[in-house]
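First up is the structure itself, then whatever we jot down about it.
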Amino acid sequence: MAEAADFPGMTPSPARRWLRRTGALLAGAPLLAGLLQLPAHADVRASVPTASNSGAVAVAVDSLSPAVPGDGDTVTVSGTVTNNGKQAVDDAHVGLWVGSVLTTRSAIDDAAKDADDPDVGGGSEVGGKYVTEFDKLTPGVAEHFSISVPVDELDLGGEGVYPLGVALSGETSAEPWEHVLGVQRTFLPWQPEEADTETRTTVLWPLVSTVHMTAETGSDAQQTPVFLNDDLADEIAPGGRLDQLLALGKDLDVTWVIDPGLLASVDAMTGSYRIRGADDTTTAGTHQAVAKQWLAELQEAVQDKEVVALPFADPDLASLAHNGTGVTSSLSQLKAATDVAATTVETVLHVTPSTDFAWPVDGAVDRSIVKVATSAGADKVIARNDSLNETGGLTYTPSAARPIGGGTTAVVADARLSKAFQGELTKASASTLAVQQFLAQSLALNLQTNKQRSIVVAPQRMPTAKQAQAMAEAVTALQGGTWSQPQLLTEAAAAKPDAGATTKVPSRSAYPSSLRKQELTQSAFQDIGTTQDKLDSFKVILTDESRVVTPFGRALNREMSTSWRGRAVPASTFRQDVRDYLDTLASQVKLIDKSETKLSGRSATIPVTVQNNLVQGVDHLVLRLTSTNPTRLEFGDDGSVEQEIAVSGGHSTTVKFPTSANVNGKTTLIAQLYTEDGRPYGTAVSFDVKVTEITATVMLVIGGGVLLLVLAGFRMYTQRKRAAARRAEENGPEGNGPEETDEVDGPGPDTDGPDTDGPVNHQDPAERLSGESVLRAGADDPEQPSDETPDTAAESPDPSGTGERVDR
């Protein structure tokens, strides 16, 4: 890890190695002679030879306890040394080095940058028995060390921050003299007595996660929610990130900063829920017990603690300010997210949160961000002092509260303390260094002045489990120390500001380009606006709009979440899924397609069917029927072409429009649903109506045919009467006539044959017509095979009943 060179100002190593050191000095006599010729002001460090195997040994300080020692304590430093070189290291030992006190916060920054560089530093080794010795360090092998030193042996001076180095010294076959082969520096805060003026420190403890819930819900009464994945269960399960934050934070004096969207998601998991799969199928969620346990522990942890509620789903204020204000409804989305925040927290956690604070990402602010942040009702903005740079020439870090105009207060967090745990802290050595550097910066801040100050620590929004552990360790040590006392965020915001502190909010151009690259784009906000417009059109027709407005409203809030930063593709996919699902629901209320309709006659009715496949009823709809050729086909006596529509869930209704035809031919009609405010709803249906009017000539022909049939029937009737009279005369009063002859020669009185005046000529057209007419009398008129079933018979114009169930 480090260049191999001696620490400047190192004291001699233990006496038992004097022979080996003497040999090394004799070998370096020529070099020493040369050094004597150097000017007196020359940098001695430049004369120290650099070993060929520099950086061969990596030193890791895994723990330092106590982090803030007091009088009479024993400091224990533990860790590992690993020989990363190709040669073995002989006669090695690990010792502690204490440097001169660091008097400024910048000096601490510089020391942290060079923590593993043996050419930088200084001080003297705590010799004697306070070392760990190794006869040999084999390449590639890590060796553990632990050194315990009474604090009195460290020879610390007055209060302040001392650099504490852990160095591995030894020799190799190529360089057979003792020299430093690796080092790791950390910091030792030293404040043995209570400080005259303690810093009031506010630590924010964030409970924020990524987006987990979709807009989709089940059709059951409980509206079973659907989750994108099961990642939230992993976060709240024992050992998970959110579980660690909860377990660690409950024992600290911190201000809880909570996303209500996270609470809503975990609360939804306590009941029935489903997980979306890769193929858009869903499976039942099984972590109800985990969700209930986590919420119960959180409810207990926040009792009597300060809770700040962010707007629902933690919307990205900077993205909205830079790219969303030009899109209609974007600011109203922020207002809705703010309005629902307090209700959600109160319902789930049974505490009343503060909703007065807005928290832009990383505390970076400009004038447009402040304007947007306060537009929804917040009057305090959590910023950071690397964004609100000091320009007043103060020699100390001022208090957090700054009045920035318009009744708004900027609560400016300290950047060094806030960013102390943003690094990769999976290794214990990195975590230990972060903790000690945090404590060192806090003590150095307190020693700047005797003026009472309020300082705010605003860490990253979503710390990892390891980062949370380091944060908790540091805060625990800080709150048990002698120079700081905890304070609520509301108290820090209300504290008297420093007169010399800057109150000027930077312009938009000063916003960091690295953060701007991660923002939601203008097209993202346009997508959100489009979905909102569709939701507005859909909800007005519903009898129970809450079943749709609530899940989709919260999904729109989630589309603006800060957690989408740097994740443009997943963000776009989520927005598209929300819009597609809304379109799917809206399309369940639709017009049924119609084929060509034939209209025979001057007036009839045209039916149009509306189908509702939703589980709830719809109303406040208007069905409008429009003719593309009004001169050929007109509607009703009063010219009305609209009718109001109401359809119960899972049913359909048919609306009938009375029409009048003026001219034969084909006319195209357009059926379209509208909301009551005149906005088109769904897809229009077009169909053709063919008018075939019956003319006067056709009516004359039909009438003539009917008259002939009547005359033929009358003639047959008179002929039968005459035949019956003749038979009666021939038979006589006693009935002695030739009855058998009558049966043979002609039909009896009940037959339908012709009279007996002469033989019947079946080839005579008149006779043939007469007989067929009698046989068909009273029968229905035949239909042509080409005729379609008429659907335009005059019927009631009232809508049909909605009792029929639609097959789905």
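Each chain in the structure tokens gets a letter, A, B, ..., in the order shown, and its residues are numbered from 1; ligands are numbered from 1 in order too.
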
Enumerate as an MDAnalysis selection string all residues of range 110-203 of chain A assigned to alpha helix (DSSP H) by DSSP on the backbone, naming them with the chain letters and numbers the document uses. chainID A and resid 110:113

Output file for the residues above (N, CA and C atoms, as a compact mmCIF listing (two decimals), in the first residue's frame):
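Generated output (again_15.txt):
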# COMPACT_ATOMS: atom_id res chain seq x y z
N ASP A 110 -5.92 16.60 4.69
CA ASP A 110 -4.66 16.26 4.03
C ASP A 110 -4.08 14.97 4.60
N ALA A 111 -4.16 14.81 5.88
CA ALA A 111 -3.62 13.61 6.51
C ALA A 111 -4.40 12.37 6.07
N ALA A 112 -5.70 12.51 5.89
CA ALA A 112 -6.52 11.38 5.46
C ALA A 112 -6.17 10.96 4.03
N LYS A 113 -5.84 11.94 3.18
CA LYS A 113 -5.47 11.62 1.80
C LYS A 113 -4.18 10.81 1.73

Residues near range 245-253 of chain A, cut-off 8 Å, only C-alpha atoms, skip fewer than 6 positions along chain, as a short mmCIF file (atom, residue, chain, number, x, y, z; two decimals) with N, CA and C atoms, in the first residue's frame:
data_model
loop_
_atom_site.label_atom_id
_atom_site.label_comp_id
_atom_site.auth_asym_id
_atom_site.auth_seq_id
_atom_site.Cartn_x
_atom_site.Cartn_y
_atom_site.Cartn_z
N VAL A 203 -28.05 14.92 13.89
CA VAL A 203 -27.73 13.86 12.94
C VAL A 203 -29.03 13.36 12.31
N TRP A 205 -31.14 10.65 10.28
CA TRP A 205 -31.09 9.19 10.13
C TRP A 205 -32.14 8.81 9.07
N LEU A 207 -34.48 6.89 6.39
CA LEU A 207 -35.10 5.63 5.99
C LEU A 207 -35.73 5.86 4.62
N GLU A 297 -41.25 -2.70 15.13
CA GLU A 297 -40.02 -2.20 15.73
C GLU A 297 -39.81 -0.72 15.40
N LEU A 298 -40.19 -0.32 14.20
CA LEU A 298 -40.05 1.09 13.82
C LEU A 298 -41.01 1.96 14.63
N ALA A 301 -39.42 2.44 17.85
CA ALA A 301 -38.18 3.23 17.80
C ALA A 301 -38.43 4.72 17.70
N VAL A 302 -39.50 5.13 17.00
CA VAL A 302 -39.72 6.56 16.75
C VAL A 302 -40.60 7.22 17.80
N ALA A 465 -25.61 -1.20 4.56
CA ALA A 465 -25.58 -1.73 5.93
C ALA A 465 -24.24 -1.44 6.59
N ALA A 468 -24.06 2.22 7.43
CA ALA A 468 -24.92 2.49 8.59
C ALA A 468 -24.22 2.07 9.89
N GLN A 469 -23.53 0.96 9.85
CA GLN A 469 -22.82 0.50 11.04
C GLN A 469 -21.72 1.49 11.44
N ALA A 472 -23.37 4.62 12.89
CA ALA A 472 -23.84 4.41 14.26
C ALA A 472 -22.69 4.39 15.25
N VAL A 475 -21.57 8.07 15.69
CA VAL A 475 -22.54 8.88 16.44
C VAL A 475 -22.56 8.45 17.91
N THR A 476 -22.44 7.16 18.14
CA THR A 476 -22.40 6.68 19.52
C THR A 476 -21.21 7.27 20.27
N PRO A 486 -26.47 16.23 21.50
CA PRO A 486 -27.46 16.07 20.41
C PRO A 486 -28.50 17.19 20.42
N GLN A 487 -29.05 17.43 19.25
CA GLN A 487 -30.06 18.47 19.08
C GLN A 487 -31.04 18.05 17.99
#

Within 6 Å of Asp366 in chain A, counting only C-alpha atoms, which residues qualify if same-chain residues fewer than 4 places away don't, as a count of residues only? 4

So which bits of range 78-178 of chain A end up strand (DSSP E or B) when you DSSP the backbone, as an MDAnalysis selection string? chainID A and resid 78:83 89:98 102 124:125 131:137 142:150 160:171

Contact residues around Lys539 in chain A with only C-alpha atoms at 12 Å, ignoring same-chain residues under 2 positions, as a ChimeraX atom specification: /A:532-537,541-550,552-553,582,585-586,616-621,675-676,681

If you keep N, CA and C atoms, can you produce a file of those selected residues as a PDB file, in the first residue's frame?
ATOM      1  N   GLN A 532     -50.900  11.536 -16.344  1.00  0.00           N
ATOM      2  CA  GLN A 532     -51.840  12.263 -15.497  1.00  0.00           C
ATOM      3  C   GLN A 532     -53.072  12.686 -16.286  1.00  0.00           C
ATOM      4  N   ASP A 533     -52.890  13.139 -17.513  1.00  0.00           N
ATOM      5  CA  ASP A 533     -54.031  13.524 -18.351  1.00  0.00           C
ATOM      6  C   ASP A 533     -54.957  12.331 -18.602  1.00  0.00           C
ATOM      7  N   LYS A 534     -54.365  11.180 -18.873  1.00  0.00           N
ATOM      8  CA  LYS A 534     -55.176   9.980 -19.098  1.00  0.00           C
ATOM      9  C   LYS A 534     -55.924   9.583 -17.832  1.00  0.00           C
ATOM     10  N   LEU A 535     -55.252   9.730 -16.695  1.00  0.00           N
ATOM     11  CA  LEU A 535     -55.912   9.405 -15.430  1.00  0.00           C
ATOM     12  C   LEU A 535     -57.076  10.349 -15.173  1.00  0.00           C
ATOM     13  N   ASP A 536     -56.892  11.632 -15.484  1.00  0.00           N
ATOM     14  CA  ASP A 536     -57.966  12.607 -15.288  1.00  0.00           C
ATOM     15  C   ASP A 536     -59.178  12.273 -16.145  1.00  0.00           C
ATOM     16  N   SER A 537     -58.950  11.824 -17.381  1.00  0.00           N
ATOM     17  CA  SER A 537     -60.058  11.470 -18.265  1.00  0.00           C
ATOM     18  C   SER A 537     -60.759  10.192 -17.814  1.00  0.00           C
ATOM     19  N   ILE A 541     -65.313   8.982 -15.061  1.00  0.00           N
ATOM     20  CA  ILE A 541     -66.407   8.093 -15.445  1.00  0.00           C
ATOM     21  C   ILE A 541     -66.638   6.989 -14.419  1.00  0.00           C
ATOM     22  N   LEU A 542     -65.815   6.925 -13.380  1.00  0.00           N
ATOM     23  CA  LEU A 542     -65.875   5.815 -12.431  1.00  0.00           C
ATOM     24  C   LEU A 542     -66.832   6.122 -11.293  1.00  0.00           C
ATOM     25  N   THR A 543     -67.546   5.112 -10.845  1.00  0.00           N
ATOM     26  CA  THR A 543     -68.426   5.279  -9.692  1.00  0.00           C
ATOM     27  C   THR A 543     -67.654   5.221  -8.386  1.00  0.00           C
ATOM     28  N   ASP A 544     -66.454   4.605  -8.391  1.00  0.00           N
ATOM     29  CA  ASP A 544     -65.585   4.571  -7.207  1.00  0.00           C
ATOM     30  C   ASP A 544     -64.172   4.873  -7.670  1.00  0.00           C
ATOM     31  N   GLU A 545     -63.881   6.144  -7.883  1.00  0.00           N
ATOM     32  CA  GLU A 545     -62.610   6.539  -8.473  1.00  0.00           C
ATOM     33  C   GLU A 545     -61.424   6.280  -7.551  1.00  0.00           C
ATOM     34  N   SER A 546     -61.654   6.134  -6.254  1.00  0.00           N
ATOM     35  CA  SER A 546     -60.543   5.919  -5.333  1.00  0.00           C
ATOM     36  C   SER A 546     -59.792   4.628  -5.637  1.00  0.00           C
ATOM     37  N   ARG A 547     -60.463   3.639  -6.207  1.00  0.00           N
ATOM     38  CA  ARG A 547     -59.798   2.375  -6.535  1.00  0.00           C
ATOM     39  C   ARG A 547     -58.745   2.566  -7.618  1.00  0.00           C
ATOM     40  N   VAL A 548     -58.842   3.634  -8.369  1.00  0.00           N
ATOM     41  CA  VAL A 548     -57.894   3.905  -9.444  1.00  0.00           C
ATOM     42  C   VAL A 548     -57.005   5.095  -9.118  1.00  0.00           C
ATOM     43  N   VAL A 549     -57.596   6.144  -8.573  1.00  0.00           N
ATOM     44  CA  VAL A 549     -56.840   7.371  -8.330  1.00  0.00           C
ATOM     45  C   VAL A 549     -55.728   7.147  -7.309  1.00  0.00           C
ATOM     46  N   THR A 550     -56.006   6.405  -6.257  1.00  0.00           N
ATOM     47  CA  THR A 550     -54.996   6.219  -5.217  1.00  0.00           C
ATOM     48  C   THR A 550     -53.775   5.459  -5.716  1.00  0.00           C
ATOM     49  N   PHE A 552     -52.725   4.868  -8.792  1.00  0.00           N
ATOM     50  CA  PHE A 552     -52.050   5.557  -9.888  1.00  0.00           C
ATOM     51  C   PHE A 552     -51.458   6.885  -9.438  1.00  0.00           C
ATOM     52  N   GLY A 553     -52.118   7.580  -8.535  1.00  0.00           N
ATOM     53  CA  GLY A 553     -51.552   8.819  -8.015  1.00  0.00           C
ATOM     54  C   GLY A 553     -50.240   8.583  -7.311  1.00  0.00           C
ATOM     55  N   LEU A 582     -52.638   1.697 -17.225  1.00  0.00           N
ATOM     56  CA  LEU A 582     -53.773   2.621 -17.228  1.00  0.00           C
ATOM     57  C   LEU A 582     -54.550   2.520 -18.538  1.00  0.00           C
ATOM     58  N   LEU A 585     -56.764  -0.570 -18.428  1.00  0.00           N
ATOM     59  CA  LEU A 585     -57.993  -0.390 -17.650  1.00  0.00           C
ATOM     60  C   LEU A 585     -58.995   0.474 -18.406  1.00  0.00           C
ATOM     61  N   ALA A 586     -58.518   1.576 -18.976  1.00  0.00           N
ATOM     62  CA  ALA A 586     -59.425   2.488 -19.677  1.00  0.00           C
ATOM     63  C   ALA A 586     -60.072   1.812 -20.873  1.00  0.00           C
ATOM     64  N   GLN A 616     -66.123  -2.228 -11.489  1.00  0.00           N
ATOM     65  CA  GLN A 616     -67.012  -1.195 -10.975  1.00  0.00           C
ATOM     66  C   GLN A 616     -67.772  -0.545 -12.120  1.00  0.00           C
ATOM     67  N   GLY A 617     -68.879   0.110 -11.759  1.00  0.00           N
ATOM     68  CA  GLY A 617     -69.699   0.747 -12.757  1.00  0.00           C
ATOM     69  C   GLY A 617     -69.082   2.034 -13.265  1.00  0.00           C
ATOM     70  N   VAL A 618     -69.585   2.467 -14.435  1.00  0.00           N
ATOM     71  CA  VAL A 618     -69.150   3.729 -15.019  1.00  0.00           C
ATOM     72  C   VAL A 618     -70.386   4.560 -15.342  1.00  0.00           C
ATOM     73  N   ASP A 619     -70.236   5.862 -15.238  1.00  0.00           N
ATOM     74  CA  ASP A 619     -71.307   6.787 -15.617  1.00  0.00           C
ATOM     75  C   ASP A 619     -70.664   8.093 -16.054  1.00  0.00           C
ATOM     76  N   HIS A 620     -71.471   9.128 -16.172  1.00  0.00           N
ATOM     77  CA  HIS A 620     -70.977  10.426 -16.633  1.00  0.00           C
ATOM     78  C   HIS A 620     -70.329  10.319 -18.016  1.00  0.00           C
ATOM     79  N   LEU A 621     -70.845   9.389 -18.811  1.00  0.00           N
ATOM     80  CA  LEU A 621     -70.400   9.242 -20.186  1.00  0.00           C
ATOM     81  C   LEU A 621     -71.512   9.657 -21.135  1.00  0.00           C
ATOM     82  N   THR A 675     -66.504  12.147 -22.274  1.00  0.00           N
ATOM     83  CA  THR A 675     -66.773  12.466 -20.876  1.00  0.00           C
ATOM     84  C   THR A 675     -67.675  13.694 -20.829  1.00  0.00           C
ATOM     85  N   GLU A 676     -68.205  13.973 -19.667  1.00  0.00           N
ATOM     86  CA  GLU A 676     -69.160  15.072 -19.568  1.00  0.00           C
ATOM     87  C   GLU A 676     -68.536  16.434 -19.873  1.00  0.00           C
ATOM     88  N   TYR A 681     -63.449   9.846 -25.272  1.00  0.00           N
ATOM     89  CA  TYR A 681     -63.048   8.722 -24.427  1.00  0.00           C
ATOM     90  C   TYR A 681     -62.994   7.472 -25.298  1.00  0.00           C
TER      91      TYR A 681
END

Go through A:Val456, A:Val706, A:Val308, A:Ala92 one by one, measure the shortest atom-to-atom distance of each to Val351 in chain A using only C-alpha atoms, and give the residue with the smallest value.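 Smallest distance to Val351 in chain A is found for A:Val308.
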
Once you count only C-alpha atoms, what closest atom pair and distance in Å to one decimal does each residue of range 345-369 of chain A within 12 Å of range 562-578 of chain A have, with rows by chain and rising residue number, as JSON lines?
{"residue": "A:Trp359", "atom": "CA", "partner": "A:Thr562", "partner_atom": "CA", "distance": 10.4}
{"residue": "A:Pro360", "atom": "CA", "partner": "A:Thr562", "partner_atom": "CA", "distance": 8.8}
{"residue": "A:Val361", "atom": "CA", "partner": "A:Thr562", "partner_atom": "CA", "distance": 7.3}
{"residue": "A:Asp362", "atom": "CA", "partner": "A:Thr562", "partner_atom": "CA", "distance": 10.7}

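Distances here use only C-alpha atoms; by that measure, the residue among A:Ser265, A:Gln441, A:Ser319, A:Gln526 closest to Thr210 in chain A is A:Ser265.
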
Skipping near chain neighbours, those fewer than 6 positions away, what residues fall within 6 Å of Thr74 in chain A using only C-alpha atoms, listed as number ranges by chain? A: 149-151

Would you mind exporting N, CA and C atoms of the selected residues as an mmCIF file, in the first residue's frame?
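selection-v9.cif, written as the output of this step:
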data_model
loop_
_atom_site.group_PDB
_atom_site.id
_atom_site.type_symbol
_atom_site.label_atom_id
_atom_site.label_comp_id
_atom_site.auth_asym_id
_atom_site.auth_seq_id
_atom_site.Cartn_x
_atom_site.Cartn_y
_atom_site.Cartn_z
ATOM 1 N N VAL A 149 -2.034 0.191 24.436
ATOM 2 C CA VAL A 149 -1.147 1.185 25.043
ATOM 3 C C VAL A 149 -1.958 2.051 25.988
ATOM 4 N N PRO A 150 -1.513 2.192 27.231
ATOM 5 C CA PRO A 150 -2.177 3.168 28.108
ATOM 6 C C PRO A 150 -2.086 4.556 27.489
ATOM 7 N N VAL A 151 -3.133 5.307 27.577
ATOM 8 C CA VAL A 151 -3.143 6.619 26.933
ATOM 9 C C VAL A 151 -2.049 7.513 27.510
#

What's the 8 Å shell around Val412 in chain A, counting only C-alpha atoms, without same-chain residues fewer than 4 positions away, as a tab-separated table (two decimals) with N, CA and C atoms, in the first residue's frame?
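Output file out.tsv is given in full below:
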chain	number	residue	atom	x	y	z
A	363	GLY	N	-27.91	17.83	-0.80
A	363	GLY	CA	-27.95	19.18	-0.26
A	363	GLY	C	-27.51	20.25	-1.24
A	382	ILE	N	-32.99	21.72	3.45
A	382	ILE	CA	-31.75	21.14	3.95
A	382	ILE	C	-30.71	21.22	2.84
A	383	ALA	N	-29.72	22.08	3.02
A	383	ALA	CA	-28.65	22.26	2.04
A	383	ALA	C	-27.35	21.72	2.63
A	384	ARG	N	-26.23	21.99	1.96
A	384	ARG	CA	-24.92	21.57	2.45
A	384	ARG	C	-23.93	22.68	2.16
A	385	ASN	N	-22.95	22.84	3.03
A	385	ASN	CA	-22.08	24.01	2.89
A	385	ASN	C	-21.07	23.92	1.77
A	388	LEU	N	-23.63	25.93	-0.50
A	388	LEU	CA	-23.81	27.31	-0.03
A	388	LEU	C	-22.47	27.77	0.56
A	399	SER	N	-23.18	28.30	12.29
A	399	SER	CA	-24.36	27.48	12.58
A	399	SER	C	-25.12	27.17	11.30
A	400	ALA	N	-25.95	26.15	11.38
A	400	ALA	CA	-26.62	25.64	10.19
A	400	ALA	C	-27.68	26.58	9.65
A	401	ALA	N	-28.44	27.24	10.50
A	401	ALA	CA	-29.59	28.02	10.05
A	401	ALA	C	-29.15	29.29	9.32
A	402	ARG	N	-29.76	29.54	8.15
A	402	ARG	CA	-29.50	30.74	7.37
A	402	ARG	C	-30.83	31.25	6.79
A	456	VAL	N	-25.40	20.45	11.64
A	456	VAL	CA	-26.25	19.39	11.13
A	456	VAL	C	-25.43	18.42	10.28

Per residue of range 131-246 of chain A within 7 Å of range 81-85 of chain A, record the nearest atom pair and its distance in Å to one decimal, counting only C-alpha atoms, with rows in chain order and ascending residue number, as a tab-separated table.
residue	atom	partner	partner_atom	distance
A:Leu137	CA	A:Asn83	CA	6.2
A:Thr138	CA	A:Asn83	CA	6.4
A:Pro139	CA	A:Asn83	CA	4.8
A:Gly140	CA	A:Asn83	CA	5.5
A:Val141	CA	A:Thr82	CA	5.7
A:Ala142	CA	A:Thr82	CA	4.2
A:Glu143	CA	A:Val81	CA	5.3
A:His144	CA	A:Val81	CA	6.5

Serialized selection, N, CA and C atoms, as a PDB file, in the first residue's frame:
ATOM      1  N   LEU A 137       7.654 -12.527   7.756  1.00  0.00           N
ATOM      2  CA  LEU A 137       6.380 -12.332   7.042  1.00  0.00           C
ATOM      3  C   LEU A 137       6.508 -12.973   5.672  1.00  0.00           C
ATOM      4  N   THR A 138       5.782 -14.049   5.470  1.00  0.00           N
ATOM      5  CA  THR A 138       5.824 -14.764   4.204  1.00  0.00           C
ATOM      6  C   THR A 138       4.980 -14.037   3.174  1.00  0.00           C
ATOM      7  N   PRO A 139       5.450 -13.946   1.926  1.00  0.00           N
ATOM      8  CA  PRO A 139       4.653 -13.281   0.890  1.00  0.00           C
ATOM      9  C   PRO A 139       3.257 -13.903   0.749  1.00  0.00           C
ATOM     10  N   GLY A 140       2.254 -13.032   0.668  1.00  0.00           N
ATOM     11  CA  GLY A 140       0.884 -13.476   0.473  1.00  0.00           C
ATOM     12  C   GLY A 140       0.152 -13.887   1.717  1.00  0.00           C
ATOM     13  N   VAL A 141       0.786 -13.809   2.865  1.00  0.00           N
ATOM     14  CA  VAL A 141       0.174 -14.261   4.111  1.00  0.00           C
ATOM     15  C   VAL A 141      -0.156 -13.050   4.976  1.00  0.00           C
ATOM     16  N   ALA A 142      -1.379 -13.004   5.481  1.00  0.00           N
ATOM     17  CA  ALA A 142      -1.804 -11.923   6.368  1.00  0.00           C
ATOM     18  C   ALA A 142      -1.578 -12.349   7.811  1.00  0.00           C
ATOM     19  N   GLU A 143      -1.028 -11.451   8.581  1.00  0.00           N
ATOM     20  CA  GLU A 143      -0.762 -11.707   9.993  1.00  0.00           C
ATOM     21  C   GLU A 143      -1.524 -10.691  10.839  1.00  0.00           C
ATOM     22  N   HIS A 144      -2.123 -11.167  11.929  1.00  0.00           N
ATOM     23  CA  HIS A 144      -2.899 -10.304  12.808  1.00  0.00           C
ATOM     24  C   HIS A 144      -1.989  -9.660  13.843  1.00  0.00           C
TER      25      HIS A 144
END

Give the answer as one residue: which of A:Val61, A:Val75, A:Ala313, A:Leu295 has the shortest atom-to-atom distance to Asn557 in chain A, using only C-alpha atoms? A:Ala313

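The residue that comes closest to Thr214 in chain A, out of A:Arg554, A:Lys451, A:Arg200, A:Lys721 and on the basis of only C-alpha atoms, is A:Arg554.
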
How many Å lie between CA of Phe657 in chain A and CA of Gln672 in chain A, rounded to one decimal?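 If I compute the distance from CA of Phe657 in chain A to CA of Gln672 in chain A, I get 13.4 Å.
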
Between CA of Ala358 in chain A and CA of Asn229 in chain A, what is the distance in Å, rounded to a tenth? 28.9 Å

Mind giving me the straight-line distance from CA of Pro163 in chain A to CA of Gln479 in chain A in Å, one decimal?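 CA of Gln479 in chain A lies at a distance of 21.8 Å from CA of Pro163 in chain A.
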